[in-house]
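Novice: Structure file my_file_27.txt, compact mmCIF, C-alpha atoms and all ligand atoms, is pasted below:
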```
# COMPACT_ATOMS: atom_id res chain seq x y z
CA MET O 1298 -5.85 92.51 76.98
CA LEU O 1299 -6.28 88.74 76.64
CA ARG O 1300 -4.43 88.20 79.92
CA GLN O 1301 -6.60 90.72 81.77
CA SER O 1302 -9.85 89.22 80.52
CA ILE O 1303 -8.71 85.67 81.39
CA ARG O 1304 -7.65 86.86 84.85
CA ARG O 1305 -10.99 88.53 85.45
CA SER O 1306 -12.88 85.35 84.47
CA ILE O 1307 -10.73 83.21 86.77
CA GLU O 1308 -10.97 85.58 89.71
CA GLY O 1309 -14.70 86.09 89.18
CA ARG O 1310 -15.80 82.48 88.72
CA MET O 1311 -13.10 80.22 90.16
CA ALA O 1312 -11.94 81.82 93.39
CA ALA O 1313 -13.48 79.04 95.50
CA PHE O 1314 -12.05 76.18 93.40
CA PRO O 1315 -8.91 75.47 95.49
CA ARG O 1316 -11.08 75.12 98.60
CA ASP O 1317 -13.63 72.97 96.74
CA MET O 1318 -10.92 70.68 95.35
CA ALA O 1319 -9.54 70.18 98.86
CA ALA O 1320 -13.02 69.47 100.22
CA HIS O 1321 -14.11 67.03 97.48
CA GLY O 1322 -10.71 65.56 96.54
CA ARG O 1323 -11.56 65.96 92.86
CA PHE O 1324 -12.86 68.29 90.17
CA THR O 1325 -16.61 68.37 90.77
CA PRO O 1326 -19.17 68.43 87.89
CA ASP O 1327 -19.94 72.07 88.78
CA MET O 1328 -16.28 72.99 88.39
CA VAL O 1329 -16.05 71.21 85.02
CA ARG O 1330 -19.17 73.10 83.88
CA THR O 1331 -17.57 76.42 84.81
CA PHE O 1332 -14.39 75.52 82.88
CA ALA O 1333 -16.60 74.76 79.86
CA GLU O 1334 -18.66 77.96 80.22
CA LEU O 1335 -15.51 80.07 80.37
CA GLY O 1336 -14.23 78.36 77.21
CA PHE O 1337 -11.19 76.79 78.93
CA LEU O 1338 -11.88 73.21 77.75
CA GLY O 1339 -10.46 72.08 74.43
CA ILE O 1340 -8.90 75.51 73.95
CA ARG O 1341 -6.33 74.21 71.46
CA LEU O 1342 -8.83 72.13 69.51
CA ASP O 1343 -10.39 73.31 66.24
CA GLU O 1344 -13.51 75.45 66.32
CA ARG O 1345 -15.45 72.76 64.37
CA TRP O 1346 -15.17 70.56 67.49
CA GLY O 1347 -16.19 73.39 69.81
CA GLY O 1348 -12.64 74.41 70.72
CA ALA O 1349 -11.04 77.86 70.62
CA ALA O 1350 -8.19 76.90 68.22
CA MET O 1351 -5.75 78.79 70.43
CA SER O 1352 -2.05 78.95 69.65
CA LEU O 1353 0.49 77.32 71.93
CA ARG O 1354 1.44 80.81 73.15
CA ALA O 1355 -2.17 81.62 74.16
CA TYR O 1356 -2.53 78.17 75.76
CA CYS O 1357 0.58 78.86 77.88
CA LEU O 1358 -0.90 82.21 78.92
CA VAL O 1359 -4.14 80.57 80.09
CA GLN O 1360 -2.14 78.00 82.09
CA GLU O 1361 -0.07 80.79 83.70
CA GLU O 1362 -3.19 82.64 84.77
CA LEU O 1363 -4.99 79.56 86.14
CA SER O 1364 -1.88 78.64 88.05
CA ARG O 1365 -1.96 81.92 89.98
CA LEU O 1366 -5.01 80.50 91.74
CA SER O 1367 -3.82 76.88 91.83
CA PRO O 1368 -1.37 74.98 89.61
CA ILE O 1369 -3.78 72.04 89.75
CA LEU O 1370 -6.45 73.90 87.77
CA SER O 1371 -4.20 73.58 84.73
CA LEU O 1372 -4.77 69.79 84.74
CA MET O 1373 -8.36 70.26 83.60
CA VAL O 1374 -7.12 72.31 80.64
CA SER O 1375 -4.38 69.85 79.64
CA SER O 1376 -6.72 66.90 80.02
CA THR O 1377 -8.85 68.40 77.23
CA SER O 1378 -6.15 70.16 75.17
CA GLY O 1379 -2.88 68.48 76.08
CA LEU O 1380 -1.06 65.43 74.88
CA ALA O 1381 -3.87 62.97 74.13
CA PRO O 1382 -6.37 65.49 72.66
CA MET O 1383 -3.74 67.08 70.44
CA ALA O 1384 -2.56 63.65 69.26
CA ILE O 1385 -6.16 62.83 68.27
CA GLN O 1386 -6.47 66.17 66.46
CA ARG O 1387 -3.15 65.63 64.63
CA HIS O 1388 -3.14 61.88 63.97
CA GLY O 1389 -6.67 60.59 64.64
CA THR O 1390 -9.09 59.34 61.99
CA ALA O 1391 -12.07 61.53 61.07
CA GLU O 1392 -14.28 59.13 63.04
CA GLN O 1393 -12.06 59.34 66.16
CA GLN O 1394 -12.06 63.13 65.96
CA ARG O 1395 -15.85 63.29 65.59
CA ARG O 1396 -16.38 60.82 68.41
CA TYR O 1397 -14.03 62.30 71.01
CA LEU O 1398 -13.10 65.93 70.42
CA PRO O 1399 -16.53 67.60 70.81
CA GLN O 1400 -17.04 65.80 74.12
CA LEU O 1401 -13.73 67.17 75.41
CA CYS O 1402 -14.72 70.72 74.50
CA SER O 1403 -18.15 70.45 76.13
CA GLY O 1404 -16.84 68.94 79.39
CA GLN O 1405 -18.55 65.57 78.90
CA SER O 1406 -15.24 63.72 78.92
CA ARG O 1407 -11.59 63.99 79.84
CA THR O 1408 -8.46 62.12 78.76
CA CYS O 1409 -5.45 60.69 80.52
CA PHE O 1410 -2.10 59.75 79.01
CA ALA O 1411 -0.76 56.35 80.04
CA LEU O 1412 2.94 55.87 79.38
CA THR O 1413 4.67 55.25 82.74
CA GLU O 1414 4.87 51.73 84.21
CA PRO O 1415 6.20 50.28 87.47
CA GLU O 1416 9.51 49.36 85.77
CA ALA O 1417 9.51 52.13 83.16
CA GLY O 1418 9.50 55.71 84.46
CA SER O 1419 12.31 57.95 83.24
CA ASP O 1420 13.29 55.14 80.90
CA ALA O 1421 9.90 54.98 79.20
CA ALA O 1422 11.27 52.79 76.42
CA ALA O 1423 11.64 49.96 78.97
CA MET O 1424 7.84 49.51 79.01
CA THR O 1425 6.42 45.99 79.02
CA THR O 1426 2.74 46.61 78.25
CA THR O 1427 2.06 44.70 75.05
CA ALA O 1428 -0.54 44.70 72.30
CA HIS O 1429 -0.91 41.38 70.43
CA ARG O 1430 -2.64 41.12 67.09
CA VAL O 1431 -6.01 39.33 67.31
CA SER O 1432 -8.90 39.07 64.86
CA GLY O 1433 -10.28 42.57 64.20
CA GLY O 1434 -7.94 44.38 66.54
CA TRP O 1435 -5.45 44.07 69.39
CA GLN O 1436 -5.30 42.57 72.86
CA LEU O 1437 -3.59 44.76 75.50
CA ASN O 1438 -1.95 43.47 78.68
CA GLY O 1439 0.06 45.40 81.23
CA ILE O 1440 0.08 47.91 84.08
CA LYS O 1441 0.43 51.67 83.84
CA HIS O 1442 0.92 53.74 86.96
CA PHE O 1443 1.31 57.30 88.26
CA ILE O 1444 -1.27 58.36 85.64
CA THR O 1445 -2.69 61.83 86.29
CA LEU O 1446 -6.48 61.86 86.74
CA ALA O 1447 -6.86 58.23 85.58
CA ASP O 1448 -9.88 58.07 87.89
CA ASP O 1449 -11.51 61.06 86.18
CA ALA O 1450 -10.89 60.16 82.52
CA GLN O 1451 -13.35 58.62 80.08
CA LEU O 1452 -10.66 58.10 77.44
CA MET O 1453 -7.09 56.83 77.83
CA MET O 1454 -4.25 57.14 75.36
CA VAL O 1455 -2.30 53.98 76.14
CA MET O 1456 1.20 53.33 74.84
CA SER O 1457 1.94 49.65 74.17
CA ILE O 1458 4.61 47.55 72.53
CA THR O 1459 3.50 46.14 69.19
CA ASP O 1460 6.95 44.99 68.07
CA ARG O 1461 9.32 43.74 70.78
CA ALA O 1462 12.36 43.78 68.51
CA LYS O 1463 11.93 47.44 67.58
CA ARG O 1464 10.59 48.79 70.91
CA ALA O 1465 10.99 52.62 71.02
CA ARG O 1466 12.36 52.63 67.47
CA GLY O 1467 9.08 51.86 65.71
CA GLY O 1468 7.76 49.14 68.01
CA VAL O 1469 5.45 51.23 70.27
CA SER O 1470 1.90 52.16 69.25
CA ALA O 1471 -0.80 54.39 70.72
CA PHE O 1472 -4.30 53.06 71.45
CA LEU O 1473 -7.46 54.91 72.41
CA VAL O 1474 -9.17 52.98 75.20
CA GLU O 1475 -12.57 54.07 76.45
CA ILE O 1476 -13.57 53.73 80.06
CA PRO O 1477 -15.33 51.49 80.81
CA THR O 1478 -13.93 48.72 78.58
CA PRO O 1479 -13.89 45.05 79.75
CA GLY O 1480 -10.50 44.19 81.26
CA VAL O 1481 -9.57 47.80 82.15
CA SER O 1482 -9.53 48.81 85.79
CA VAL O 1483 -8.17 51.81 87.63
CA SER O 1484 -6.97 49.60 90.42
CA ARG O 1485 -5.35 52.07 92.79
CA VAL O 1486 -5.63 55.80 93.15
CA ASP O 1487 -3.07 57.60 95.26
CA ARG O 1488 -3.18 61.15 96.52
CA THR O 1489 -0.01 63.19 96.03
CA ILE O 1490 1.55 65.57 98.53
CA GLY O 1491 -0.13 68.33 96.49
CA SER O 1492 -3.80 69.18 96.09
CA ALA O 1493 -6.19 66.34 96.92
CA ALA O 1494 -7.59 66.71 93.40
CA TRP O 1495 -4.27 65.71 91.78
CA THR O 1496 -4.69 61.94 91.85
CA LEU O 1497 -2.31 59.41 90.30
CA GLY O 1498 -3.96 56.17 89.23
CA GLU O 1499 -2.74 52.69 88.43
CA ILE O 1500 -4.37 51.19 85.33
CA THR O 1501 -4.50 47.43 84.90
CA LEU O 1502 -5.03 46.14 81.36
CA ASN O 1503 -6.04 42.48 81.43
CA GLU O 1504 -6.72 40.93 78.00
CA VAL O 1505 -8.31 44.16 76.82
CA PHE O 1506 -9.71 43.96 73.28
CA VAL O 1507 -9.17 47.15 71.29
CA ALA O 1508 -10.59 47.30 67.77
CA ASP O 1509 -8.42 48.41 64.84
CA SER O 1510 -10.53 51.58 64.71
CA GLN O 1511 -9.05 52.56 68.10
CA VAL O 1512 -5.42 52.60 66.96
CA LEU O 1513 -4.24 56.22 67.07
CA GLY O 1514 -2.31 57.11 63.93
CA ASP O 1515 0.07 54.53 62.46
CA ILE O 1516 1.16 51.33 64.15
CA GLY O 1517 4.70 51.76 65.41
CA LYS O 1518 4.56 55.55 65.63
CA GLY O 1519 3.20 55.90 69.18
CA PHE O 1520 6.54 56.73 70.75
CA SER O 1521 7.36 59.33 68.13
CA TYR O 1522 3.92 60.97 68.62
CA ALA O 1523 4.59 61.19 72.36
CA MET O 1524 8.12 62.53 71.90
CA ALA O 1525 6.98 65.04 69.25
CA SER O 1526 4.53 66.59 71.69
CA LEU O 1527 7.10 66.91 74.46
CA ASP O 1528 8.05 70.48 73.54
CA GLU O 1529 4.45 71.52 74.21
CA GLY O 1530 4.22 69.47 77.41
CA ARG O 1531 7.39 71.02 78.77
CA LEU O 1532 6.28 74.55 77.95
CA ASN O 1533 2.94 73.80 79.56
CA VAL O 1534 4.71 72.87 82.80
CA ALA O 1535 7.05 75.86 82.55
CA SER O 1536 4.09 78.22 82.15
CA ILE O 1537 2.23 76.70 85.09
CA CYS O 1538 5.32 77.16 87.27
CA LEU O 1539 5.81 80.73 86.02
CA GLY O 1540 2.23 81.76 86.84
CA ALA O 1541 2.42 80.31 90.34
CA ALA O 1542 5.81 81.93 90.99
CA ARG O 1543 4.54 85.37 89.91
CA TRP O 1544 1.62 85.09 92.31
CA LEU O 1545 3.90 83.94 95.13
CA LEU O 1546 6.20 86.91 94.59
CA GLU O 1547 3.27 89.36 94.62
CA ALA O 1548 1.89 87.78 97.80
CA SER O 1549 5.35 87.86 99.42
CA ALA O 1550 5.91 91.53 98.55
CA ALA O 1551 2.45 92.47 99.87
CA HIS O 1552 3.02 90.56 103.11
CA ALA O 1553 6.50 92.05 103.57
CA THR O 1554 5.02 95.54 103.16
CA SER O 1555 2.22 95.09 105.70
CA ARG O 1556 3.90 92.91 108.34
CA VAL O 1557 5.75 94.91 111.00
CA THR O 1558 8.43 93.38 113.23
CA PHE O 1559 10.73 95.24 115.61
CA GLY O 1560 8.91 98.46 114.70
CA ALA O 1561 9.42 98.36 110.93
CA PRO O 1562 7.90 96.53 107.94
CA LEU O 1563 9.64 93.34 106.85
CA ALA O 1564 10.08 94.98 103.44
CA SER O 1565 12.58 97.44 104.94
CA ARG O 1566 14.99 94.60 105.85
CA GLN O 1567 17.71 93.71 103.40
CA ALA O 1568 17.39 89.99 104.17
CA ILE O 1569 13.79 90.07 102.95
CA GLN O 1570 14.54 92.38 100.01
CA TRP O 1571 17.18 89.99 98.74
CA MET O 1572 14.71 87.12 98.74
CA LEU O 1573 12.26 89.24 96.73
CA ALA O 1574 15.06 90.32 94.38
CA ASP O 1575 16.21 86.73 93.76
CA SER O 1576 12.66 85.59 93.06
CA ALA O 1577 11.98 88.50 90.68
CA THR O 1578 15.23 87.83 88.81
CA GLU O 1579 14.56 84.13 88.44
CA ILE O 1580 11.00 84.80 87.27
CA ALA O 1581 12.29 87.18 84.59
CA ALA O 1582 14.84 84.58 83.47
CA THR O 1583 12.06 81.99 83.18
CA GLU O 1584 9.97 84.37 81.06
CA GLY O 1585 12.96 84.73 78.72
CA LEU O 1586 13.42 80.97 78.35
CA ILE O 1587 9.73 80.38 77.63
CA GLN O 1588 9.74 83.22 75.08
CA ALA O 1589 12.80 81.81 73.33
CA ALA O 1590 11.25 78.34 73.16
CA LEU O 1591 7.92 79.68 71.86
CA GLU O 1592 9.71 81.77 69.22
CA ALA O 1593 11.64 78.71 68.01
CA ILE O 1594 8.37 76.78 67.62
CA GLU O 1595 6.57 79.70 65.99
CA ALA O 1596 9.43 79.95 63.48
CA GLY O 1597 8.46 76.47 62.37
CA GLY O 1598 11.10 74.48 64.21
CA SER O 1599 11.40 72.51 67.40
CA ALA O 1600 12.26 74.14 70.70
CA GLY O 1601 14.51 71.15 71.48
CA ALA O 1602 16.86 71.87 74.36
CA LEU O 1603 15.19 75.25 74.98
CA ALA O 1604 11.96 73.47 76.01
CA SER O 1605 13.95 71.25 78.38
CA MET O 1606 15.71 74.31 79.80
CA ALA O 1607 12.40 76.09 80.30
CA LYS O 1608 10.83 73.08 82.05
CA LEU O 1609 13.90 72.42 84.20
CA TYR O 1610 14.51 76.02 85.20
CA ALA O 1611 10.84 76.96 85.72
CA SER O 1612 10.03 73.94 87.92
CA GLU O 1613 13.13 74.39 90.10
CA MET O 1614 12.72 78.19 90.17
CA ALA O 1615 9.06 78.00 91.25
CA PHE O 1616 9.92 75.73 94.15
CA ARG O 1617 12.66 78.12 95.30
CA VAL O 1618 10.23 81.04 95.04
CA ALA O 1619 7.63 79.06 97.02
CA ASP O 1620 10.23 78.24 99.67
CA ARG O 1621 11.13 81.95 100.03
CA ALA O 1622 7.42 82.84 100.14
CA VAL O 1623 6.90 80.41 103.04
CA GLN O 1624 9.91 81.94 104.83
CA ILE O 1625 8.65 85.51 104.35
CA HIS O 1626 5.17 84.57 105.61
CA GLY O 1627 6.53 82.83 108.71
CA ALA O 1628 4.09 80.47 110.44
CA ALA O 1629 1.24 81.86 108.33
CA GLY O 1630 2.92 80.22 105.33
CA VAL O 1631 3.00 76.69 106.72
CA LEU O 1632 -0.60 76.34 107.81
CA ASP O 1633 -2.51 73.63 106.01
CA SER O 1634 -5.10 76.22 105.04
CA SER O 1635 -2.53 78.66 103.65
CA PRO O 1636 -2.51 79.14 99.84
CA ILE O 1637 1.26 79.68 100.12
CA GLY O 1638 1.73 76.26 101.73
CA ALA O 1639 -0.59 74.68 99.15
CA MET O 1640 1.48 76.12 96.29
CA PHE O 1641 4.69 74.90 97.97
CA ARG O 1642 3.37 71.33 98.00
CA ASP O 1643 1.83 71.46 94.51
CA LEU O 1644 4.94 72.91 92.87
CA ARG O 1645 7.16 70.11 94.16
CA LEU O 1646 5.40 67.68 91.82
CA PHE O 1647 6.47 69.51 88.68
CA ARG O 1648 10.15 68.65 89.18
CA ILE O 1649 9.27 65.00 88.54
CA GLY O 1650 6.30 64.81 86.15
CA GLU O 1651 6.83 65.39 82.38
CA GLY O 1652 10.46 64.28 82.64
CA ALA O 1653 12.30 64.82 85.92
CA SER O 1654 15.00 67.48 86.32
CA GLU O 1655 17.79 64.93 85.86
CA ILE O 1656 16.33 63.78 82.55
CA GLN O 1657 16.01 67.38 81.34
CA ARG O 1658 19.67 67.97 82.28
CA MET O 1659 20.61 64.79 80.40
CA LEU O 1660 18.83 66.08 77.26
CA ILE O 1661 20.34 69.56 77.54
CA ALA O 1662 23.83 68.11 77.99
CA ARG O 1663 23.27 65.87 74.96
CA SER O 1664 22.43 68.89 72.82
CA VAL O 1665 25.54 70.74 74.11
CA LEU O 1666 27.78 67.77 73.33
CA GLU O 1667 26.26 67.31 69.88
CA GLN O 1668 27.58 70.72 68.97
CA VAL O 1669 31.20 69.79 69.63
CA PRO O 1670 32.94 69.59 66.22
CA ASN O 1671 34.25 66.10 65.33
C1 LIG O 1701 2.72 64.57 89.52
C2 LIG O 1701 3.03 63.52 88.51
C3 LIG O 1701 2.16 63.30 87.45
C4 LIG O 1701 2.42 62.29 86.52
N1 LIG O 1701 1.53 62.05 85.50
C5 LIG O 1701 1.79 61.09 84.59
C6 LIG O 1701 0.88 60.81 83.54
O1 LIG O 1701 -0.19 61.44 83.42
N2 LIG O 1701 1.17 59.82 82.65
C7 LIG O 1701 2.33 59.12 82.72
O2 LIG O 1701 2.54 58.25 81.88
N3 LIG O 1701 3.22 59.34 83.75
C8 LIG O 1701 2.98 60.29 84.66
N4 LIG O 1701 3.84 60.53 85.70
C9 LIG O 1701 5.00 59.67 85.85
C10 LIG O 1701 6.28 60.39 85.48
O3 LIG O 1701 6.40 60.49 84.09
C11 LIG O 1701 7.43 59.60 86.12
O4 LIG O 1701 7.28 59.72 87.52
C12 LIG O 1701 8.77 60.15 85.70
O5 LIG O 1701 9.03 59.84 84.35
C13 LIG O 1701 9.90 59.56 86.56
O6 LIG O 1701 9.77 58.18 86.64
P1 LIG O 1701 9.82 57.45 88.07
O7 LIG O 1701 8.90 58.15 88.99
O8 LIG O 1701 9.61 56.00 87.82
O9 LIG O 1701 11.28 57.71 88.60
P2 LIG O 1701 12.62 56.93 88.16
O10 LIG O 1701 12.69 56.78 86.69
O11 LIG O 1701 12.74 55.71 88.99
O12 LIG O 1701 13.72 57.97 88.63
C14 LIG O 1701 13.94 58.27 90.01
C15 LIG O 1701 14.89 59.43 90.10
O13 LIG O 1701 16.12 59.09 89.47
C16 LIG O 1701 16.41 60.02 88.44
N5 LIG O 1701 17.02 59.30 87.31
C17 LIG O 1701 16.48 58.31 86.59
N6 LIG O 1701 17.32 57.89 85.64
C18 LIG O 1701 18.44 58.66 85.77
C19 LIG O 1701 19.68 58.74 85.07
N7 LIG O 1701 19.94 57.97 84.02
N8 LIG O 1701 20.59 59.64 85.49
C20 LIG O 1701 20.34 60.44 86.55
N9 LIG O 1701 19.19 60.43 87.25
C21 LIG O 1701 18.24 59.54 86.85
C22 LIG O 1701 15.10 60.64 88.03
O14 LIG O 1701 15.28 61.91 87.46
C23 LIG O 1701 14.39 60.69 89.37
O15 LIG O 1701 14.80 61.82 90.08
C24 LIG O 1701 3.59 61.52 86.64
C25 LIG O 1701 4.47 61.75 87.72
C26 LIG O 1701 4.19 62.74 88.64
C27 LIG O 1701 5.12 62.97 89.77
```
Go ahead and express the file in the form of structure tokens.
Ligand SMILES: Cc1cc2nc3c(=O)[nH]c(=O)nc-3n(C[C@H](O)[C@H](O)[C@H](O)COP(=O)(O)OP(=O)(O)OC[C@H]3O[C@@H](n4cnc5c(N)ncnc54)[C@H](O)[C@@H]3O)c2cc1C
Specialist:
Amino acid sequence: MLRQSIRRSIEGRMAAFPRDMAAHGRFTPDMVRTFAELGFLGIRLDERWGGAAMSLRAYCLVQEELSRLSPILSLMVSSTSGLAPMAIQRHGTAEQQRRYLPQLCSGQSRTCFALTEPEAGSDAAAMTTTAHRVSGGWQLNGIKHFITLADDAQLMMVMSITDRAKRARGGVSAFLVEIPTPGVSVSRVDRTIGSAAWTLGEITLNEVFVADSQVLGDIGKGFSYAMASLDEGRLNVASICLGAARWLLEASAAHATSRVTFGAPLASRQAIQWMLADSATEIAATEGLIQAALEAIEAGGSAGALASMAKLYASEMAFRVADRAVQIHGAAGVLDSSPIGAMFRDLRLFRIGEGASEIQRMLIARSVLEQVPN
């Protein structure tokens, strides 16, 4: 029921969004307004802030459905209900919650999450951005890069070192930095190989004063807040990849049924059927992994390695499904204007963001090895 009503809203009000994002290279104010009107902004935030207080399971479902149209649409949802917003809801002061959360739900502002640095990507603990104690607050210096929608955000959650000796073990803190703030600049914005609207910005922090009231949660706990929300981030990515893969399979099956070559539909050829069969099987396996991870979280625990497995498998699966979809569509699948080609490019990004495949494999292997008896 919920899925059908979400799908109807998306198909009815958002069908032109992929084209608009390509034309404008960003989410336009009209698009943001539509997200807000449909109730897709701040969906995980409490109702008192204007959110829908949705469960993680329902959030994943919304992301799946948006991704059928374009995986990039999910960014607008996570920017108002993902890592930074949920950290404010969980660890923010009453004043921070009052100041920021209603604006996220209404579409007046968006967040970005600034962890990665030029010399600290997969190894996030190698960061060098620092926050020094000064009278009444902190002074931040450093560079963050590859930050999703940094050029669209009005609020940044910036991770900085507050204790060099401790680093990731209690020496990293989270700061809420408004844009504009003196000393903060989004100095470079790169387009990715995916949708023009998925921009990655470089943020320069030059002697930025941040008042004590802008520290998020406890000093020294920033890294643990980020790591604690990783389960949700990984399931978010897995759900986005699942939704896109389902749509690609449906489009491939429809094309194979209608396209005739050598006097018969493509769908009658075993070579094509096997591609459809492999995609369907891998999609079903992804559904199982996401379910298992959600059940572990709903039982009150952490999804741990299951979330890594879901993120790893879903992101690699979706790219394989997209590759088969391009093959089944022939030249029609590689045109710049083709939604199949657009999905192929967008989905490639998910194998790197939110912890690349190699890092997920590293974490999964660690959990396997931990179970070996001493
Ligand atoms: C689309 C997209 C959106 C992003 N959005 C954000 C964002 O909003 N905020 C943010 O903070 N960051 C963001 N990032 C950055 C992302 O977190 C990093 O790109 C990612 O952590 C990898 O870091 P890197 O690019 O520096 O690659 P590197 O760390 O240099 O790694 C390069 C390659 O080597 C592999 N590798 C690294 N170490 C090992 C190892 N020990 N063993 C085996 N293989 C290894 C990696 O898996 C990767 O394939 C985004 C990235 C992308 C692509």
Novice: Nearest to ligand LIG 1701 (chain O) among O:Trp1435, O:Phe1314, O:Trp1495, O:Phe1559, with distances taken over only C-alpha atoms and all ligand atoms: which residue is it?
Specialist: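 With only C-alpha atoms and all ligand atoms as the atom set, the closest residue is O:Trp1495.
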Novice: Can you check which parts of segment 1424-1455 of chain O lie within 12 Å of segment 1316-1328 of chain O? Per residue, the shortest pair of atoms and distance in Å to one decimal, counting all atoms listed in the file, sorted by chain and number, as a tab-separated table.
Specialist:
```
residue	atom	partner	partner_atom	distance
O:Thr1445	CA	O:Arg1323	CA	11.8
O:Leu1446	CA	O:Arg1323	CA	8.9
O:Ala1447	CA	O:Arg1323	CA	11.6
O:Asp1448	CA	O:Arg1323	CA	9.5
O:Asp1449	CA	O:Arg1323	CA	8.3
O:Ala1450	CA	O:Phe1324	CA	11.3
```
Novice: Return as JSON lines the residues of chain O lying at most 7 Å from ligand LIG 1701 (chain O), together with the closest atom-to-atom pair for each and the distance in Å to one decimal, counting all atoms listed in the file, with rows in chain order and ascending residue number.
Specialist:
```
{"residue": "O:Cys1409", "atom": "CA", "partner": "O:LIG1701", "partner_atom": "O1", "distance": 6.1}
{"residue": "O:Phe1410", "atom": "CA", "partner": "O:LIG1701", "partner_atom": "N2", "distance": 4.9}
{"residue": "O:Ala1411", "atom": "CA", "partner": "O:LIG1701", "partner_atom": "O2", "distance": 4.2}
{"residue": "O:Leu1412", "atom": "CA", "partner": "O:LIG1701", "partner_atom": "O2", "distance": 3.5}
{"residue": "O:Thr1413", "atom": "CA", "partner": "O:LIG1701", "partner_atom": "O2", "distance": 3.8}
{"residue": "O:Pro1415", "atom": "CA", "partner": "O:LIG1701", "partner_atom": "O8", "distance": 6.7}
{"residue": "O:Glu1416", "atom": "CA", "partner": "O:LIG1701", "partner_atom": "O8", "distance": 6.9}
{"residue": "O:Ala1417", "atom": "CA", "partner": "O:LIG1701", "partner_atom": "O8", "distance": 6.1}
{"residue": "O:Gly1418", "atom": "CA", "partner": "O:LIG1701", "partner_atom": "O6", "distance": 3.3}
{"residue": "O:Ser1419", "atom": "CA", "partner": "O:LIG1701", "partner_atom": "O10", "distance": 3.7}
{"residue": "O:Asp1420", "atom": "CA", "partner": "O:LIG1701", "partner_atom": "O10", "distance": 6.0}
{"residue": "O:His1442", "atom": "CA", "partner": "O:LIG1701", "partner_atom": "N3", "distance": 6.9}
{"residue": "O:Phe1443", "atom": "CA", "partner": "O:LIG1701", "partner_atom": "N4", "distance": 4.8}
{"residue": "O:Ile1444", "atom": "CA", "partner": "O:LIG1701", "partner_atom": "C6", "distance": 3.9}
{"residue": "O:Thr1445", "atom": "CA", "partner": "O:LIG1701", "partner_atom": "O1", "distance": 3.8}
{"residue": "O:Leu1497", "atom": "CA", "partner": "O:LIG1701", "partner_atom": "C3", "distance": 6.6}
{"residue": "O:Leu1646", "atom": "CA", "partner": "O:LIG1701", "partner_atom": "C1", "distance": 4.7}
{"residue": "O:Phe1647", "atom": "CA", "partner": "O:LIG1701", "partner_atom": "C1", "distance": 6.3}
{"residue": "O:Ile1649", "atom": "CA", "partner": "O:LIG1701", "partner_atom": "C27", "distance": 4.8}
{"residue": "O:Gly1650", "atom": "CA", "partner": "O:LIG1701", "partner_atom": "C26", "distance": 3.9}
{"residue": "O:Glu1651", "atom": "CA", "partner": "O:LIG1701", "partner_atom": "O3", "distance": 5.2}
{"residue": "O:Gly1652", "atom": "CA", "partner": "O:LIG1701", "partner_atom": "O5", "distance": 5.0}
{"residue": "O:Ala1653", "atom": "CA", "partner": "O:LIG1701", "partner_atom": "O14", "distance": 4.4}
{"residue": "O:Ser1654", "atom": "CA", "partner": "O:LIG1701", "partner_atom": "O14", "distance": 5.7}
{"residue": "O:Glu1655", "atom": "CA", "partner": "O:LIG1701", "partner_atom": "O14", "distance": 4.2}
{"residue": "O:Ile1656", "atom": "CA", "partner": "O:LIG1701", "partner_atom": "O14", "distance": 5.4}
```
Novice: Would you save the residues from that selection as a PDB file, keeping the file's coordinate frame, using C-alpha atoms?
Specialist:
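So result_18.pdb came out as:
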```pdb
ATOM      1  CA  CYS O1409      -5.450  60.690  80.520  1.00  0.00           C
ATOM      2  CA  PHE O1410      -2.100  59.750  79.010  1.00  0.00           C
ATOM      3  CA  ALA O1411      -0.760  56.350  80.040  1.00  0.00           C
ATOM      4  CA  LEU O1412       2.940  55.870  79.380  1.00  0.00           C
ATOM      5  CA  THR O1413       4.670  55.250  82.740  1.00  0.00           C
ATOM      6  CA  PRO O1415       6.200  50.280  87.470  1.00  0.00           C
ATOM      7  CA  GLU O1416       9.510  49.360  85.770  1.00  0.00           C
ATOM      8  CA  ALA O1417       9.510  52.130  83.160  1.00  0.00           C
ATOM      9  CA  GLY O1418       9.500  55.710  84.460  1.00  0.00           C
ATOM     10  CA  SER O1419      12.310  57.950  83.240  1.00  0.00           C
ATOM     11  CA  ASP O1420      13.290  55.140  80.900  1.00  0.00           C
ATOM     12  CA  HIS O1442       0.920  53.740  86.960  1.00  0.00           C
ATOM     13  CA  PHE O1443       1.310  57.300  88.260  1.00  0.00           C
ATOM     14  CA  ILE O1444      -1.270  58.360  85.640  1.00  0.00           C
ATOM     15  CA  THR O1445      -2.690  61.830  86.290  1.00  0.00           C
ATOM     16  CA  LEU O1497      -2.310  59.410  90.300  1.00  0.00           C
ATOM     17  CA  LEU O1646       5.400  67.680  91.820  1.00  0.00           C
ATOM     18  CA  PHE O1647       6.470  69.510  88.680  1.00  0.00           C
ATOM     19  CA  ILE O1649       9.270  65.000  88.540  1.00  0.00           C
ATOM     20  CA  GLY O1650       6.300  64.810  86.150  1.00  0.00           C
ATOM     21  CA  GLU O1651       6.830  65.390  82.380  1.00  0.00           C
ATOM     22  CA  GLY O1652      10.460  64.280  82.640  1.00  0.00           C
ATOM     23  CA  ALA O1653      12.300  64.820  85.920  1.00  0.00           C
ATOM     24  CA  SER O1654      15.000  67.480  86.320  1.00  0.00           C
ATOM     25  CA  GLU O1655      17.790  64.930  85.860  1.00  0.00           C
ATOM     26  CA  ILE O1656      16.330  63.780  82.550  1.00  0.00           C
TER      27      ILE O1656
END
```
Novice: Using all atoms listed in the file, which of the listed residues (O:Ala1568, O:Ala1465, O:Cys1402, O:Leu1437) sits closest to Ala1523 of chain O?
Specialist: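 Counting all atoms listed in the file, the residue closest to Ala1523 of chain O is O:Ala1465.
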